>>> print(open('run-v4.pdb').read())   # PDB, C-alpha atoms, pLDDT in the B column
ATOM      1  CA  MET A  27      43.760  30.106 -24.465  1.00 41.00           C
ATOM      2  CA  SER A  28      45.443  27.920 -27.011  1.00 48.00           C
ATOM      3  CA  GLY A  29      48.991  28.808 -26.003  1.00 53.00           C
ATOM      4  CA  LYS A  30      49.994  29.217 -29.660  1.00 67.00           C
ATOM      5  CA  ALA A  31      52.012  32.351 -30.388  1.00 67.00           C
ATOM      6  CA  LEU A  32      50.064  34.790 -32.538  1.00 81.00           C
ATOM      7  CA  PHE A  33      51.392  37.629 -34.654  1.00 85.00           C
ATOM      8  CA  THR A  34      50.104  40.795 -36.232  1.00 85.00           C
ATOM      9  CA  ILE A  35      51.534  43.039 -38.899  1.00 82.00           C
ATOM     10  CA  LYS A  36      53.357  46.135 -37.693  1.00 78.00           C
ATOM     11  CA  THR A  37      52.616  48.398 -40.645  1.00 77.00           C
ATOM     12  CA  GLU A  38      50.338  48.607 -43.608  1.00 81.00           C
ATOM     13  CA  ALA A  39      51.921  47.506 -46.866  1.00 81.00           C
ATOM     14  CA  LEU A  40      51.197  47.280 -50.564  1.00 82.00           C
ATOM     15  CA  TRP A  41      52.663  44.570 -52.781  1.00 80.00           C
ATOM     16  CA  GLU A  42      52.210  44.183 -56.522  1.00 81.00           C
ATOM     17  CA  LEU A  43      52.781  41.155 -58.711  1.00 77.00           C
ATOM     18  CA  SER A  44      52.150  40.302 -62.337  1.00 75.00           C
ATOM     19  CA  ARG A  45      51.773  36.616 -63.046  1.00 68.00           C
ATOM     20  CA  GLU A  46      50.915  35.117 -66.397  1.00 69.00           C
ATOM     21  CA  LYS A  47      48.324  37.594 -67.688  1.00 72.00           C
ATOM     22  CA  SER A  48      47.039  38.783 -64.316  1.00 74.00           C
ATOM     23  CA  ARG A  49      48.027  41.760 -62.209  1.00 80.00           C
ATOM     24  CA  PHE A  50      47.546  41.519 -58.450  1.00 82.00           C
ATOM     25  CA  VAL A  51      47.872  44.234 -55.817  1.00 87.00           C
ATOM     26  CA  ALA A  52      47.747  43.139 -52.180  1.00 86.00           C
ATOM     27  CA  MET A  53      47.292  45.479 -49.277  1.00 89.00           C
ATOM     28  CA  SER A  54      47.719  44.563 -45.628  1.00 89.00           C
ATOM     29  CA  PHE A  55      46.017  46.412 -42.800  1.00 91.00           C
ATOM     30  CA  ARG A  56      45.891  46.239 -39.028  1.00 90.00           C
ATOM     31  CA  LEU A  57      42.343  45.424 -37.964  1.00 90.00           C
ATOM     32  CA  PHE A  58      41.088  45.118 -34.392  1.00 89.00           C
ATOM     33  CA  HIS A  59      37.319  44.846 -34.906  1.00 91.00           C
ATOM     34  CA  PRO A  60      35.362  43.267 -37.784  1.00 93.00           C
ATOM     35  CA  GLU A  61      33.456  46.549 -38.227  1.00 93.00           C
ATOM     36  CA  GLU A  62      36.685  48.194 -39.439  1.00 93.00           C
ATOM     37  CA  SER A  63      36.840  45.881 -42.467  1.00 93.00           C
ATOM     38  CA  ARG A  64      34.427  47.977 -44.557  1.00 94.00           C
ATOM     39  CA  GLU A  65      36.578  51.084 -44.188  1.00 94.00           C
ATOM     40  CA  LYS A  66      39.749  49.126 -45.041  1.00 94.00           C
ATOM     41  CA  LEU A  67      38.068  47.581 -48.101  1.00 94.00           C
ATOM     42  CA  LYS A  68      36.976  51.053 -49.284  1.00 94.00           C
ATOM     43  CA  ARG A  69      40.567  52.274 -48.923  1.00 93.00           C
ATOM     44  CA  ALA A  70      41.802  49.329 -50.999  1.00 92.00           C
ATOM     45  CA  MET A  71      39.160  49.966 -53.662  1.00 93.00           C
ATOM     46  CA  GLY A  72      40.191  53.632 -53.768  1.00 92.00           C
ATOM     47  CA  CYS A  73      43.811  52.602 -54.252  1.00 89.00           C
ATOM     48  CA  CYS A  74      42.942  50.244 -57.135  1.00 89.00           C
ATOM     49  CA  PRO A  75      39.742  51.657 -58.681  1.00 89.00           C
ATOM     50  CA  GLN A  76      40.159  49.848 -62.010  1.00 89.00           C
ATOM     51  CA  ALA A  77      40.459  46.373 -60.457  1.00 89.00           C
ATOM     52  CA  THR A  78      37.660  43.947 -61.246  1.00 86.00           C
ATOM     53  CA  HIS A  79      37.876  41.756 -58.125  1.00 87.00           C
ATOM     54  CA  TYR A  80      38.636  42.538 -54.485  1.00 92.00           C
ATOM     55  CA  VAL A  81      39.325  39.363 -52.526  1.00 92.00           C
ATOM     56  CA  TYR A  82      39.865  39.763 -48.807  1.00 94.00           C
ATOM     57  CA  ALA A  83      40.166  37.980 -45.513  1.00 94.00           C
ATOM     58  CA  PHE A  84      40.703  39.048 -41.939  1.00 95.00           C
ATOM     59  CA  ARG A  85      41.298  37.637 -38.500  1.00 93.00           C
ATOM     60  CA  CYS A  86      40.980  39.568 -35.266  1.00 92.00           C
ATOM     61  CA  GLY A  87      40.626  38.938 -31.574  1.00 88.00           C
ATOM     62  CA  PRO A  88      43.111  37.694 -28.990  1.00 84.00           C
ATOM     63  CA  GLN A  89      43.115  34.195 -30.497  1.00 84.00           C
ATOM     64  CA  GLY A  90      42.072  35.136 -34.040  1.00 85.00           C
ATOM     65  CA  GLU A  91      38.568  33.876 -33.288  1.00 89.00           C
ATOM     66  CA  LYS A  92      36.797  36.518 -35.372  1.00 93.00           C
ATOM     67  CA  GLU A  93      37.507  35.821 -39.013  1.00 95.00           C
ATOM     68  CA  TYR A  94      35.928  36.318 -42.406  1.00 95.00           C
ATOM     69  CA  ALA A  95      36.767  35.684 -46.048  1.00 94.00           C
ATOM     70  CA  SER A  96      35.251  37.009 -49.277  1.00 93.00           C
ATOM     71  CA  ASP A  97      35.859  35.714 -52.790  1.00 87.00           C
ATOM     72  CA  GLY A  98      35.115  39.193 -54.153  1.00 85.00           C
ATOM     73  CA  GLY A  99      33.448  37.986 -57.328  1.00 81.00           C
ATOM     74  CA  GLU A 100      35.830  35.101 -57.980  1.00 82.00           C
ATOM     75  CA  PRO A 101      34.336  31.574 -58.160  1.00 77.00           C
ATOM     76  CA  LYS A 102      32.989  30.502 -54.770  1.00 85.00           C
ATOM     77  CA  GLY A 103      35.671  29.193 -52.417  1.00 81.00           C
ATOM     78  CA  SER A 104      38.494  29.845 -54.883  1.00 82.00           C
ATOM     79  CA  ALA A 105      40.076  32.946 -53.385  1.00 86.00           C
ATOM     80  CA  GLY A 106      38.849  34.226 -50.003  1.00 88.00           C
ATOM     81  CA  TRP A 107      39.138  30.966 -48.073  1.00 91.00           C
ATOM     82  CA  PRO A 108      42.652  30.219 -49.372  1.00 89.00           C
ATOM     83  CA  VAL A 109      43.716  33.744 -48.334  1.00 90.00           C
ATOM     84  CA  LEU A 110      42.228  33.157 -44.871  1.00 93.00           C
ATOM     85  CA  GLY A 111      44.095  29.850 -44.757  1.00 91.00           C
ATOM     86  CA  VAL A 112      47.391  31.686 -45.251  1.00 89.00           C
ATOM     87  CA  LEU A 113      46.566  34.063 -42.380  1.00 91.00           C
ATOM     88  CA  ARG A 114      45.859  31.022 -40.198  1.00 91.00           C
ATOM     89  CA  ARG A 115      49.086  29.235 -41.210  1.00 88.00           C
ATOM     90  CA  PHE A 116      51.121  32.344 -40.396  1.00 87.00           C
ATOM     91  CA  ALA A 117      49.241  32.608 -37.051  1.00 88.00           C
ATOM     92  CA  VAL A 118      48.271  36.196 -37.873  1.00 89.00           C
ATOM     93  CA  THR A 119      45.485  38.031 -36.075  1.00 89.00           C
ATOM     94  CA  ASN A 120      44.309  41.658 -35.881  1.00 91.00           C
ATOM     95  CA  SER A 121      45.101  41.887 -39.583  1.00 91.00           C
ATOM     96  CA  MET A 122      43.330  42.089 -42.928  1.00 93.00           C
ATOM     97  CA  VAL A 123      44.604  41.411 -46.431  1.00 92.00           C
ATOM     98  CA  VAL A 124      42.865  42.686 -49.573  1.00 93.00           C
ATOM     99  CA  VAL A 125      43.972  41.434 -52.983  1.00 89.00           C
ATOM    100  CA  ALA A 126      42.803  43.462 -55.971  1.00 89.00           C
ATOM    101  CA  ARG A 127      42.961  41.662 -59.301  1.00 85.00           C
ATOM    102  CA  TYR A 128      42.840  43.362 -62.656  1.00 83.00           C
ATOM    103  CA  PHE A 129      40.701  41.381 -65.071  1.00 68.00           C
ATOM    104  CA  THR A 130      42.681  38.929 -67.074  1.00 62.00           C
ATOM    105  CA  VAL A 131      42.663  35.181 -67.111  1.00 58.00           C
ATOM    106  CA  THR A 132      44.859  33.100 -64.845  1.00 52.00           C
ATOM    107  CA  THR A 133      45.150  29.381 -65.248  1.00 48.00           C
ATOM    108  CA  GLU A 134      46.528  28.994 -61.734  1.00 56.00           C
ATOM    109  CA  PRO A 135      43.713  28.409 -59.225  1.00 55.00           C
ATOM    110  CA  GLN A 136      46.029  28.942 -56.238  1.00 67.00           C
ATOM    111  CA  ALA A 137      47.220  32.362 -57.426  1.00 69.00           C
ATOM    112  CA  PHE A 138      45.609  34.316 -54.571  1.00 71.00           C
ATOM    113  CA  GLU A 139      46.899  31.934 -51.922  1.00 74.00           C
ATOM    114  CA  LEU A 140      50.451  31.998 -53.313  1.00 72.00           C
ATOM    115  CA  PHE A 141      50.409  35.764 -53.595  1.00 66.00           C
ATOM    116  CA  VAL A 142      49.292  36.346 -49.994  1.00 75.00           C
ATOM    117  CA  HIS A 143      51.831  33.781 -48.798  1.00 72.00           C
ATOM    118  CA  ARG A 144      54.582  35.824 -50.505  1.00 70.00           C
ATOM    119  CA  LEU A 145      53.189  39.067 -49.076  1.00 71.00           C
ATOM    120  CA  LEU A 146      53.348  37.736 -45.516  1.00 73.00           C
ATOM    121  CA  GLN A 147      56.857  36.407 -46.107  1.00 67.00           C
ATOM    122  CA  TYR A 148      57.811  39.873 -47.341  1.00 64.00           C
ATOM    123  CA  LEU A 149      56.309  41.457 -44.213  1.00 64.00           C
ATOM    124  CA  LYS A 150      58.925  39.938 -41.971  1.00 50.00           C
ATOM    125  CA  THR A 151      58.174  42.762 -39.548  1.00 45.00           C
ATOM    126  CA  LYS A 152      55.559  40.854 -37.614  1.00 53.00           C
ATOM    127  CA  GLU A 153      55.284  41.419 -33.904  1.00 56.00           C
ATOM    128  CA  ARG A 154      54.294  38.775 -31.428  1.00 54.00           C
ATOM    129  CA  LEU A 155      51.102  39.454 -29.535  1.00 52.00           C
ATOM    130  CA  LYS A 156      51.403  39.044 -25.836  1.00 54.00           C
ATOM    131  CA  THR A 157      48.410  37.453 -24.174  1.00 52.00           C
ATOM    132  CA  GLU A 158      48.036  37.129 -20.482  1.00 53.00           C
ATOM    133  CA  ARG A 159      45.347  36.563 -17.963  1.00 55.00           C
ATOM    134  CA  ALA A 160      44.327  39.321 -15.628  1.00 55.00           C
ATOM    135  CA  ARG A 161      42.019  39.468 -12.678  1.00 58.00           C
ATOM    136  CA  CYS A 162      40.074  42.543 -11.792  1.00 56.00           C
ATOM    137  CA  GLU A 163      37.488  43.253  -9.131  1.00 59.00           C
ATOM    138  CA  VAL A 164      35.068  46.077  -9.775  1.00 58.00           C
ATOM    139  CA  SER A 165      32.154  47.352  -7.736  1.00 59.00           C
ATOM    140  CA  PHE A 166      29.536  49.460  -9.427  1.00 58.00           C
ATOM    141  CA  THR A 167      25.833  50.123  -9.718  1.00 67.00           C
ATOM    142  CA  ILE A 168      24.108  50.262 -13.074  1.00 66.00           C
ATOM    143  CA  PRO A 169      20.562  51.150 -14.023  1.00 72.00           C
ATOM    144  CA  LYS A 170      18.377  48.159 -14.836  1.00 71.00           C
ATOM    145  CA  SER A 171      17.951  49.544 -18.369  1.00 76.00           C
ATOM    146  CA  GLN A 172      21.716  49.054 -18.983  1.00 69.00           C
ATOM    147  CA  GLU A 173      21.930  45.501 -17.617  1.00 70.00           C
ATOM    148  CA  ASP A 174      21.488  43.760 -20.984  1.00 72.00           C
ATOM    149  CA  ALA A 175      23.979  46.087 -22.691  1.00 72.00           C
ATOM    150  CA  LEU A 176      26.633  45.332 -20.068  1.00 69.00           C
ATOM    151  CA  PHE A 177      26.227  41.564 -20.241  1.00 68.00           C
ATOM    152  CA  GLY A 178      26.025  41.713 -24.037  1.00 69.00           C
ATOM    153  CA  PHE A 179      29.345  43.564 -24.113  1.00 66.00           C
ATOM    154  CA  LEU A 180      30.975  41.054 -21.775  1.00 65.00           C
ATOM    155  CA  GLU A 181      29.749  38.175 -23.944  1.00 66.00           C
ATOM    156  CA  ARG A 182      30.841  39.782 -27.257  1.00 63.00           C
ATOM    157  CA  GLU A 183      34.312  40.466 -25.903  1.00 60.00           C
ATOM    158  CA  ARG A 184      34.474  36.987 -24.374  1.00 58.00           C
ATOM    159  CA  LEU A 185      35.167  38.361 -20.936  1.00 59.00           C
ATOM    160  CA  ARG A 186      34.542  35.864 -18.208  1.00 55.00           C
ATOM    161  CA  GLY A 187      33.939  36.565 -14.602  1.00 53.00           C
ATOM    162  CA  THR A 188      31.877  35.905 -11.570  1.00 50.00           C
ATOM    163  CA  VAL A 189      29.284  38.280 -10.258  1.00 51.00           C
ATOM    164  CA  LYS A 190      29.477  38.058  -6.493  1.00 46.00           C
ATOM    165  CA  CYS A 191      27.119  40.856  -5.665  1.00 46.00           C
ATOM    166  CA  PHE A 192      24.939  42.653  -8.141  1.00 48.00           C
ATOM    167  CA  THR A 193      23.235  45.853  -7.010  1.00 47.00           C
ATOM    168  CA  ARG A 194      20.542  47.231  -9.258  1.00 47.00           C
ATOM    169  CA  GLY A 195      20.040  50.939  -9.485  1.00 47.00           C
ATOM    170  CA  GLU A 196      16.783  52.649 -10.172  1.00 45.00           C
TER     171      GLU A 196
END
>>> encode(input="run-v4.pdb", output="structure tokens")
Amino acid sequence: MSGKALFTIKTEALWELSREKSRFVAMSFRLFHPEESREKLKRAMGCCPQATHYVYAFRCGPQGEKEYASDGGEPKGSAGWPVLGVLRRFAVTNSMVVVARYFTVTTEPQAFELFVHRLLQYLKTKERLKTERARCEVSFTIPKSQEDALFGFLERERLRGTVKCFTRGE
């Protein structure tokens, strides 16, 4: 563990801003697994169906180790990565931000980054995530056919442990 305090948003929020000739709508969501991002993106698209770009980024996991950014049709690297950078700077995890932009021209390349920064400042209702180590001893028997699934799960969830005695079932 890094020891750095991490935060997550308490509630979903929507924030709108017009800047120069662009209109932005940002939505924040709680997100605990990357697979949830598609559903959250669909919700954002349903909220802003006339938008031309949907930029988003998320971080999840105890240390924010699972993260992703999408430029949503904007020039490569110009929107999604800066939004992810704001989530990192605010030490936010288990959260996703979607920014819908209505097609107009902005001359400010950092517009998405600035907008998300303001959104997270507005969401002063962040809660600190508590992380702690736990030790657990479990005895069980699993069928050989489930062995790979179990160890795959442990690896995906980054659970560490020692197998002292492994009994294989039939």
>>> closest_residue(input="run-v4.pdb", among="A:Phe138, A:Ala39, A:Pro88, A:Ser121", to="Ser104 (chain A)", atoms="all atoms listed in the file")
A:Phe138
>>> atom_distance(input="run-v4.pdb", atom1="CA of Ala52 (chain A)", atom2="CA of Lys102 (chain A)")
19.6 Å
>>> closest_residue(input="run-v4.pdb", among="A:Ile35, A:Val81, A:Ala175, A:Leu67", to="Ala126 (chain A)", atoms="only C-alpha atoms")
A:Val81
>>> closest_residue(input="run-v4.pdb", among="A:Val112, A:Cys73, A:Leu40, A:Met122", to="Arg56 (chain A)", atoms="only C-alpha atoms")
A:Met122
>>> resolve_selection(input="run-v4.pdb", expression="the PyMOL selection byres ((chain A and resi 74) around 9)", output="list in words")
Val51, Arg69, Ala70, Met71, Gly72, Cys73, Pro75, Gln76, Ala77, Ala126, Arg127 and Tyr128 of chain A
>>> atom_distance(input="run-v4.pdb", atom1="CA of Gly98 (chain A)", atom2="CA of Val125 (chain A)")
9.2 Å
>>> build_atoms(input="run-v4.pdb", residues="region 81-116 of chain A", atoms="N, CA and C atoms", output="mmCIF file, keeping the file's coordinate frame")
data_model
loop_
_atom_site.group_PDB
_atom_site.id
_atom_site.type_symbol
_atom_site.label_atom_id
_atom_site.label_comp_id
_atom_site.auth_asym_id
_atom_site.auth_seq_id
_atom_site.Cartn_x
_atom_site.Cartn_y
_atom_site.Cartn_z
ATOM 1 N N VAL A 81 39.381 40.525 -53.405
ATOM 2 C CA VAL A 81 39.325 39.363 -52.526
ATOM 3 C C VAL A 81 39.924 39.782 -51.196
ATOM 4 N N TYR A 82 39.284 39.391 -50.088
ATOM 5 C CA TYR A 82 39.865 39.763 -48.807
ATOM 6 C C TYR A 82 39.554 38.756 -47.724
ATOM 7 N N ALA A 83 40.361 38.818 -46.694
ATOM 8 C CA ALA A 83 40.166 37.980 -45.513
ATOM 9 C C ALA A 83 40.741 38.734 -44.323
ATOM 10 N N PHE A 84 40.149 38.466 -43.151
ATOM 11 C CA PHE A 84 40.703 39.048 -41.939
ATOM 12 C C PHE A 84 40.546 38.102 -40.774
ATOM 13 N N ARG A 85 41.389 38.319 -39.791
ATOM 14 C CA ARG A 85 41.298 37.637 -38.500
ATOM 15 C C ARG A 85 41.538 38.692 -37.437
ATOM 16 N N CYS A 86 40.744 38.659 -36.380
ATOM 17 C CA CYS A 86 40.980 39.568 -35.266
ATOM 18 C C CYS A 86 40.510 38.912 -33.977
ATOM 19 N N GLY A 87 40.914 39.497 -32.883
ATOM 20 C CA GLY A 87 40.626 38.938 -31.574
ATOM 21 C C GLY A 87 41.889 38.349 -30.979
ATOM 22 N N PRO A 88 41.911 38.189 -29.663
ATOM 23 C CA PRO A 88 43.111 37.694 -28.990
ATOM 24 C C PRO A 88 43.618 36.351 -29.528
ATOM 25 N N GLN A 89 42.721 35.492 -29.953
ATOM 26 C CA GLN A 89 43.115 34.195 -30.497
ATOM 27 C C GLN A 89 42.764 34.063 -31.979
ATOM 28 N N GLY A 90 42.449 35.178 -32.626
ATOM 29 C CA GLY A 90 42.072 35.136 -34.040
ATOM 30 C C GLY A 90 40.710 34.503 -34.251
ATOM 31 N N GLU A 91 39.861 34.574 -33.229
ATOM 32 C CA GLU A 91 38.568 33.876 -33.288
ATOM 33 C C GLU A 91 37.533 34.558 -34.176
ATOM 34 N N LYS A 92 37.718 35.825 -34.467
ATOM 35 C CA LYS A 92 36.797 36.518 -35.372
ATOM 36 C C LYS A 92 37.467 36.568 -36.736
ATOM 37 N N GLU A 93 36.890 35.869 -37.692
ATOM 38 C CA GLU A 93 37.507 35.821 -39.013
ATOM 39 C C GLU A 93 36.442 35.804 -40.094
ATOM 40 N N TYR A 94 36.854 36.231 -41.285
ATOM 41 C CA TYR A 94 35.928 36.318 -42.406
ATOM 42 C C TYR A 94 36.734 36.265 -43.693
ATOM 43 N N ALA A 95 36.124 35.735 -44.731
ATOM 44 C CA ALA A 95 36.767 35.684 -46.048
ATOM 45 C C ALA A 95 35.718 35.980 -47.117
ATOM 46 N N SER A 96 36.130 36.706 -48.155
ATOM 47 C CA SER A 96 35.251 37.009 -49.277
ATOM 48 C C SER A 96 35.977 36.710 -50.579
ATOM 49 N N ASP A 97 35.290 36.030 -51.482
ATOM 50 C CA ASP A 97 35.859 35.714 -52.790
ATOM 51 C C ASP A 97 35.819 36.911 -53.738
ATOM 52 N N GLY A 98 35.113 37.957 -53.377
ATOM 53 C CA GLY A 98 35.115 39.193 -54.153
ATOM 54 C C GLY A 98 34.779 39.042 -55.621
ATOM 55 N N GLY A 99 33.843 38.163 -55.934
ATOM 56 C CA GLY A 99 33.448 37.986 -57.328
ATOM 57 C C GLY A 99 34.157 36.844 -58.037
ATOM 58 N N GLU A 100 35.170 36.280 -57.414
ATOM 59 C CA GLU A 100 35.830 35.101 -57.980
ATOM 60 C C GLU A 100 34.922 33.888 -57.737
ATOM 61 N N PRO A 101 35.155 32.769 -58.408
ATOM 62 C CA PRO A 101 34.336 31.574 -58.160
ATOM 63 C C PRO A 101 34.336 31.207 -56.676
ATOM 64 N N LYS A 102 33.183 30.783 -56.188
ATOM 65 C CA LYS A 102 32.989 30.502 -54.770
ATOM 66 C C LYS A 102 34.061 29.563 -54.211
ATOM 67 N N GLY A 103 34.678 30.003 -53.111
ATOM 68 C CA GLY A 103 35.671 29.193 -52.417
ATOM 69 C C GLY A 103 37.049 29.193 -53.048
ATOM 70 N N SER A 104 37.230 29.918 -54.159
ATOM 71 C CA SER A 104 38.494 29.845 -54.883
ATOM 72 C C SER A 104 39.535 30.860 -54.428
ATOM 73 N N ALA A 105 39.126 31.882 -53.687
ATOM 74 C CA ALA A 105 40.076 32.946 -53.385
ATOM 75 C C ALA A 105 40.070 33.360 -51.915
ATOM 76 N N GLY A 106 38.920 33.728 -51.376
ATOM 77 C CA GLY A 106 38.849 34.226 -50.003
ATOM 78 C C GLY A 106 39.281 33.215 -48.961
ATOM 79 N N TRP A 107 38.775 31.994 -49.051
ATOM 80 C CA TRP A 107 39.138 30.966 -48.073
ATOM 81 C C TRP A 107 40.611 30.597 -48.149
ATOM 82 N N PRO A 108 41.201 30.457 -49.337
ATOM 83 C CA PRO A 108 42.652 30.219 -49.372
ATOM 84 C C PRO A 108 43.458 31.359 -48.752
ATOM 85 N N VAL A 109 43.027 32.606 -48.946
ATOM 86 C CA VAL A 109 43.716 33.744 -48.334
ATOM 87 C C VAL A 109 43.599 33.649 -46.815
ATOM 88 N N LEU A 110 42.416 33.329 -46.314
ATOM 89 C CA LEU A 110 42.228 33.157 -44.871
ATOM 90 C C LEU A 110 43.112 32.020 -44.357
ATOM 91 N N GLY A 111 43.239 30.969 -45.144
ATOM 92 C CA GLY A 111 44.095 29.850 -44.757
ATOM 93 C C GLY A 111 45.546 30.274 -44.565
ATOM 94 N N VAL A 112 46.017 31.192 -45.397
ATOM 95 C CA VAL A 112 47.391 31.686 -45.251
ATOM 96 C C VAL A 112 47.513 32.477 -43.948
ATOM 97 N N LEU A 113 46.531 33.316 -43.642
ATOM 98 C CA LEU A 113 46.566 34.063 -42.380
ATOM 99 C C LEU A 113 46.610 33.103 -41.198
ATOM 100 N N ARG A 114 45.846 32.024 -41.273
ATOM 101 C CA ARG A 114 45.859 31.022 -40.198
ATOM 102 C C ARG A 114 47.229 30.346 -40.093
ATOM 103 N N ARG A 115 47.788 29.924 -41.236
ATOM 104 C CA ARG A 115 49.086 29.235 -41.210
ATOM 105 C C ARG A 115 50.202 30.118 -40.657
ATOM 106 N N PHE A 116 50.130 31.420 -40.921
ATOM 107 C CA PHE A 116 51.121 32.344 -40.396
ATOM 108 C C PHE A 116 50.784 32.788 -38.969
#
